[in-house]
Amino acid sequence: MRKLMTGANPVDVVILDTDAFQEIVRDGNLKQLDPLIQKDNFDTSDIIPSVLDTIKTMGDGNIYGLAPTFSSNALFYNKTLFKEAGVEPPYDNMTWDEVFDLARMVANGEGKDRTFGFGFNRYPGDNAFWSVSDYVKPLQMRLFDDKAERMTINTPQWEHVYGTLAKLSKDHVLPGQNDDMESSGEYGPLNHDLFLSGRVAMMLGYYGYTSELLDASKHAGNIKGLNMPEWDVVTVPHHPEAPGISSGMSFNTITAINTEEQNPDDAWKFIQFINSEEWAKIRSRSSHEMVSRKSYIKPKEGLNC
């Protein structure tokens, strides 16, 4: 990427994911867009605030790119399992401890009939510990120091994190590596999907998962063993130490201008078009990501969320 941006024939526009964008911003190879936005009165008022704020955070308060789409986590929950357990379902703006308390209340059963209370994703196995980095990201906890010379995990805060998740896993509230799903030998949508199979009451999932649930619902009659769950979503839980902040938002198509651009006017026109209302209207039909302009975020057909 650096060669493409700094070589003899440098590109004008780059499209980057979150990690690459942050790195190239730090290198100083992206053109600041704030002056161009102000000069042309490019309307950003309809862009979801958290999307624009995240991009500004990655640019130390400045805008070095615009993202026409984004992906975000939500807390999916099985309404049927909560009704059967007589437990009130989750709601928006819960803390992690509140969600874990609910998970303990709704988990029940033994062995292959066990229903888990919560999963960091839909897959069986070592569910909690693969996802611990996302869980602690809002707390800005580090595994090592800035020079990558000294581990910083031996602290009371880290001990509390791992102790909490280990206890939930030991009590089979979270699925663990010994809680794998039995296979009939036939591959299908229920294989390796704890939520769709009704074995987990709450789960973190990205927007694209709604499409999979909708497809499963449409073909439920043809899927052997499927008892399609009644489901809904609420916001991702937060830590009391970081109220209102959660991880799980990501960008795969941040559009930015190379500082070595050869066609500055055309580059900016392209950025404006890709992030315009016209493009958002077309792109809103995507089944995998949401558009950044809130006016064009609509529920999928057959859904109310």
# chains A, B, ... in the order shown; residues from 1 in each chain; ligands from 1
>>> residues_around(residues="Thr80 in chain A", least_positions_apart="2", cutoff="9 Å", atoms="only C-alpha atoms", output="PyMOL selection string")
chain A and resi 77-78+82-85+201+229-231
>>> residues_around(residues="range 157-170 of chain A", least_positions_apart="2", cutoff="8 Å", atoms="only C-alpha atoms", output="ChimeraX atom specification")
/A:128-129,136,141,153-155,172-176
>>> closest_residue(among="A:Leu36, A:Leu4, A:Leu66, A:Ala107", to="Ile254 in chain A", atoms="only C-alpha atoms")
A:Leu66
>>> closest_residue(among="A:Ser133, A:Thr95, A:Asn62, A:Asn41", to="Gly244 in chain A", atoms="only C-alpha atoms")
A:Thr95
>>> residues_around(residues="Asn258 in chain A", least_positions_apart="4", cutoff="7 Å", atoms="only C-alpha atoms", output="MDAnalysis selection string")
chainID A and resid 5 11:14 29:31
>>> atom_distance(atom1="CA of Arg199 in chain A", atom2="CA of Arg114 in chain A")
6.8 Å
>>> select_by_dssp(residues="range 103-225 of chain A", states="alpha helix (DSSP H)", output="count of residues only")
38
>>> residues_around(residues="Val51 in chain A", least_positions_apart="3", cutoff="12 Å", atoms="only C-alpha atoms", output="ChimeraX atom specification")
/A:18,44-48,54-58,63,65-72,248-251,254,290-294
>>> write_last_selection(atoms="N, CA and C atoms", output="PDB file, in the first residue's frame")
ATOM      1  N   THR A  18     -10.285  -0.558   9.047  1.00  0.00           N
ATOM      2  CA  THR A  18      -9.967   0.212  10.248  1.00  0.00           C
ATOM      3  C   THR A  18      -8.481   0.198  10.575  1.00  0.00           C
ATOM      4  N   THR A  44     -22.553  16.478   6.273  1.00  0.00           N
ATOM      5  CA  THR A  44     -22.257  15.305   7.109  1.00  0.00           C
ATOM      6  C   THR A  44     -23.264  15.160   8.242  1.00  0.00           C
ATOM      7  N   SER A  45     -24.297  16.011   8.261  1.00  0.00           N
ATOM      8  CA  SER A  45     -25.247  16.004   9.380  1.00  0.00           C
ATOM      9  C   SER A  45     -26.052  14.712   9.455  1.00  0.00           C
ATOM     10  N   ASP A  46     -26.190  14.012   8.321  1.00  0.00           N
ATOM     11  CA  ASP A  46     -26.977  12.776   8.299  1.00  0.00           C
ATOM     12  C   ASP A  46     -26.132  11.541   8.597  1.00  0.00           C
ATOM     13  N   ILE A  47     -24.830  11.727   8.698  1.00  0.00           N
ATOM     14  CA  ILE A  47     -23.958  10.596   9.034  1.00  0.00           C
ATOM     15  C   ILE A  47     -24.110  10.274  10.518  1.00  0.00           C
ATOM     16  N   ILE A  48     -24.231   9.005  10.835  1.00  0.00           N
ATOM     17  CA  ILE A  48     -24.419   8.578  12.224  1.00  0.00           C
ATOM     18  C   ILE A  48     -23.287   9.138  13.078  1.00  0.00           C
ATOM     19  N   THR A  54     -15.945   8.147  15.587  1.00  0.00           N
ATOM     20  CA  THR A  54     -14.909   7.114  15.569  1.00  0.00           C
ATOM     21  C   THR A  54     -13.816   7.458  14.565  1.00  0.00           C
ATOM     22  N   ILE A  55     -14.226   7.925  13.389  1.00  0.00           N
ATOM     23  CA  ILE A  55     -13.241   8.320  12.371  1.00  0.00           C
ATOM     24  C   ILE A  55     -12.404   9.491  12.872  1.00  0.00           C
ATOM     25  N   LYS A  56     -13.036  10.450  13.555  1.00  0.00           N
ATOM     26  CA  LYS A  56     -12.293  11.588  14.110  1.00  0.00           C
ATOM     27  C   LYS A  56     -11.316  11.123  15.184  1.00  0.00           C
ATOM     28  N   THR A  57     -11.746  10.168  15.996  1.00  0.00           N
ATOM     29  CA  THR A  57     -10.864   9.645  17.049  1.00  0.00           C
ATOM     30  C   THR A  57      -9.616   9.019  16.440  1.00  0.00           C
ATOM     31  N   MET A  58      -9.803   8.269  15.358  1.00  0.00           N
ATOM     32  CA  MET A  58      -8.661   7.649  14.691  1.00  0.00           C
ATOM     33  C   MET A  58      -7.753   8.678  14.023  1.00  0.00           C
ATOM     34  N   ILE A  63     -10.712  14.717  10.354  1.00  0.00           N
ATOM     35  CA  ILE A  63     -11.301  13.758   9.415  1.00  0.00           C
ATOM     36  C   ILE A  63     -10.314  13.508   8.270  1.00  0.00           C
ATOM     37  N   GLY A  65     -10.799  10.548   6.408  1.00  0.00           N
ATOM     38  CA  GLY A  65     -11.506   9.616   5.548  1.00  0.00           C
ATOM     39  C   GLY A  65     -12.982   9.617   5.890  1.00  0.00           C
ATOM     40  N   LEU A  66     -13.787   9.095   4.997  1.00  0.00           N
ATOM     41  CA  LEU A  66     -15.220   8.964   5.225  1.00  0.00           C
ATOM     42  C   LEU A  66     -15.626   7.534   4.876  1.00  0.00           C
ATOM     43  N   ALA A  67     -16.508   6.971   5.679  1.00  0.00           N
ATOM     44  CA  ALA A  67     -16.920   5.574   5.492  1.00  0.00           C
ATOM     45  C   ALA A  67     -18.384   5.518   5.066  1.00  0.00           C
ATOM     46  N   PRO A  68     -18.673   5.061   3.853  1.00  0.00           N
ATOM     47  CA  PRO A  68     -20.066   4.974   3.405  1.00  0.00           C
ATOM     48  C   PRO A  68     -20.861   3.886   4.112  1.00  0.00           C
ATOM     49  N   THR A  69     -20.156   2.862   4.609  1.00  0.00           N
ATOM     50  CA  THR A  69     -20.829   1.772   5.313  1.00  0.00           C
ATOM     51  C   THR A  69     -20.037   1.398   6.557  1.00  0.00           C
ATOM     52  N   PHE A  70     -20.685   0.677   7.451  1.00  0.00           N
ATOM     53  CA  PHE A  70     -20.015   0.195   8.648  1.00  0.00           C
ATOM     54  C   PHE A  70     -20.708  -1.077   9.116  1.00  0.00           C
ATOM     55  N   SER A  71     -20.037  -1.785   9.986  1.00  0.00           N
ATOM     56  CA  SER A  71     -20.621  -2.974  10.599  1.00  0.00           C
ATOM     57  C   SER A  71     -20.597  -2.789  12.096  1.00  0.00           C
ATOM     58  N   SER A  72     -21.640  -3.267  12.756  1.00  0.00           N
ATOM     59  CA  SER A  72     -21.736  -3.052  14.192  1.00  0.00           C
ATOM     60  C   SER A  72     -22.346  -4.264  14.876  1.00  0.00           C
ATOM     61  N   GLY A 248     -17.050  -3.313  18.812  1.00  0.00           N
ATOM     62  CA  GLY A 248     -17.846  -4.032  17.836  1.00  0.00           C
ATOM     63  C   GLY A 248     -18.189  -3.239  16.599  1.00  0.00           C
ATOM     64  N   MET A 249     -17.812  -1.954  16.529  1.00  0.00           N
ATOM     65  CA  MET A 249     -18.006  -1.206  15.299  1.00  0.00           C
ATOM     66  C   MET A 249     -16.739  -1.315  14.451  1.00  0.00           C
ATOM     67  N   SER A 250     -16.914  -1.629  13.185  1.00  0.00           N
ATOM     68  CA  SER A 250     -15.751  -1.756  12.307  1.00  0.00           C
ATOM     69  C   SER A 250     -16.060  -1.167  10.940  1.00  0.00           C
ATOM     70  N   PHE A 251     -15.003  -0.781  10.238  1.00  0.00           N
ATOM     71  CA  PHE A 251     -15.120  -0.196   8.907  1.00  0.00           C
ATOM     72  C   PHE A 251     -14.248  -0.989   7.944  1.00  0.00           C
ATOM     73  N   ILE A 254     -13.265   2.597   4.351  1.00  0.00           N
ATOM     74  CA  ILE A 254     -13.000   4.006   4.603  1.00  0.00           C
ATOM     75  C   ILE A 254     -12.333   4.588   3.354  1.00  0.00           C
ATOM     76  N   MET A 290     -24.357  -1.844   7.174  1.00  0.00           N
ATOM     77  CA  MET A 290     -25.300  -0.744   7.197  1.00  0.00           C
ATOM     78  C   MET A 290     -24.657   0.495   6.584  1.00  0.00           C
ATOM     79  N   VAL A 291     -25.475   1.337   5.981  1.00  0.00           N
ATOM     80  CA  VAL A 291     -24.955   2.583   5.442  1.00  0.00           C
ATOM     81  C   VAL A 291     -24.775   3.578   6.584  1.00  0.00           C
ATOM     82  N   SER A 292     -23.855   4.506   6.398  1.00  0.00           N
ATOM     83  CA  SER A 292     -23.531   5.454   7.466  1.00  0.00           C
ATOM     84  C   SER A 292     -24.527   6.603   7.562  1.00  0.00           C
ATOM     85  N   ARG A 293     -25.307   6.815   6.528  1.00  0.00           N
ATOM     86  CA  ARG A 293     -26.318   7.870   6.569  1.00  0.00           C
ATOM     87  C   ARG A 293     -27.602   7.312   7.170  1.00  0.00           C
ATOM     88  N   LYS A 294     -27.977   7.856   8.325  1.00  0.00           N
ATOM     89  CA  LYS A 294     -29.066   7.261   9.098  1.00  0.00           C
ATOM     90  C   LYS A 294     -30.418   7.296   8.402  1.00  0.00           C
TER      91      LYS A 294
END
>>> atom_distance(atom1="CA of Ser50 in chain A", atom2="CA of Asp146 in chain A")
27.0 Å
>>> atom_distance(atom1="CA of Arg150 in chain A", atom2="CA of Val132 in chain A")
19.8 Å
>>> closest_residue(among="A:Tyr64, A:Val234, A:Pro35, A:Glu278", to="Thr255 in chain A", atoms="only C-alpha atoms")
A:Tyr64
>>> select_by_dssp(residues="range 43-121 of chain A", states="strand (DSSP E or B)", output="count of residues only")
18
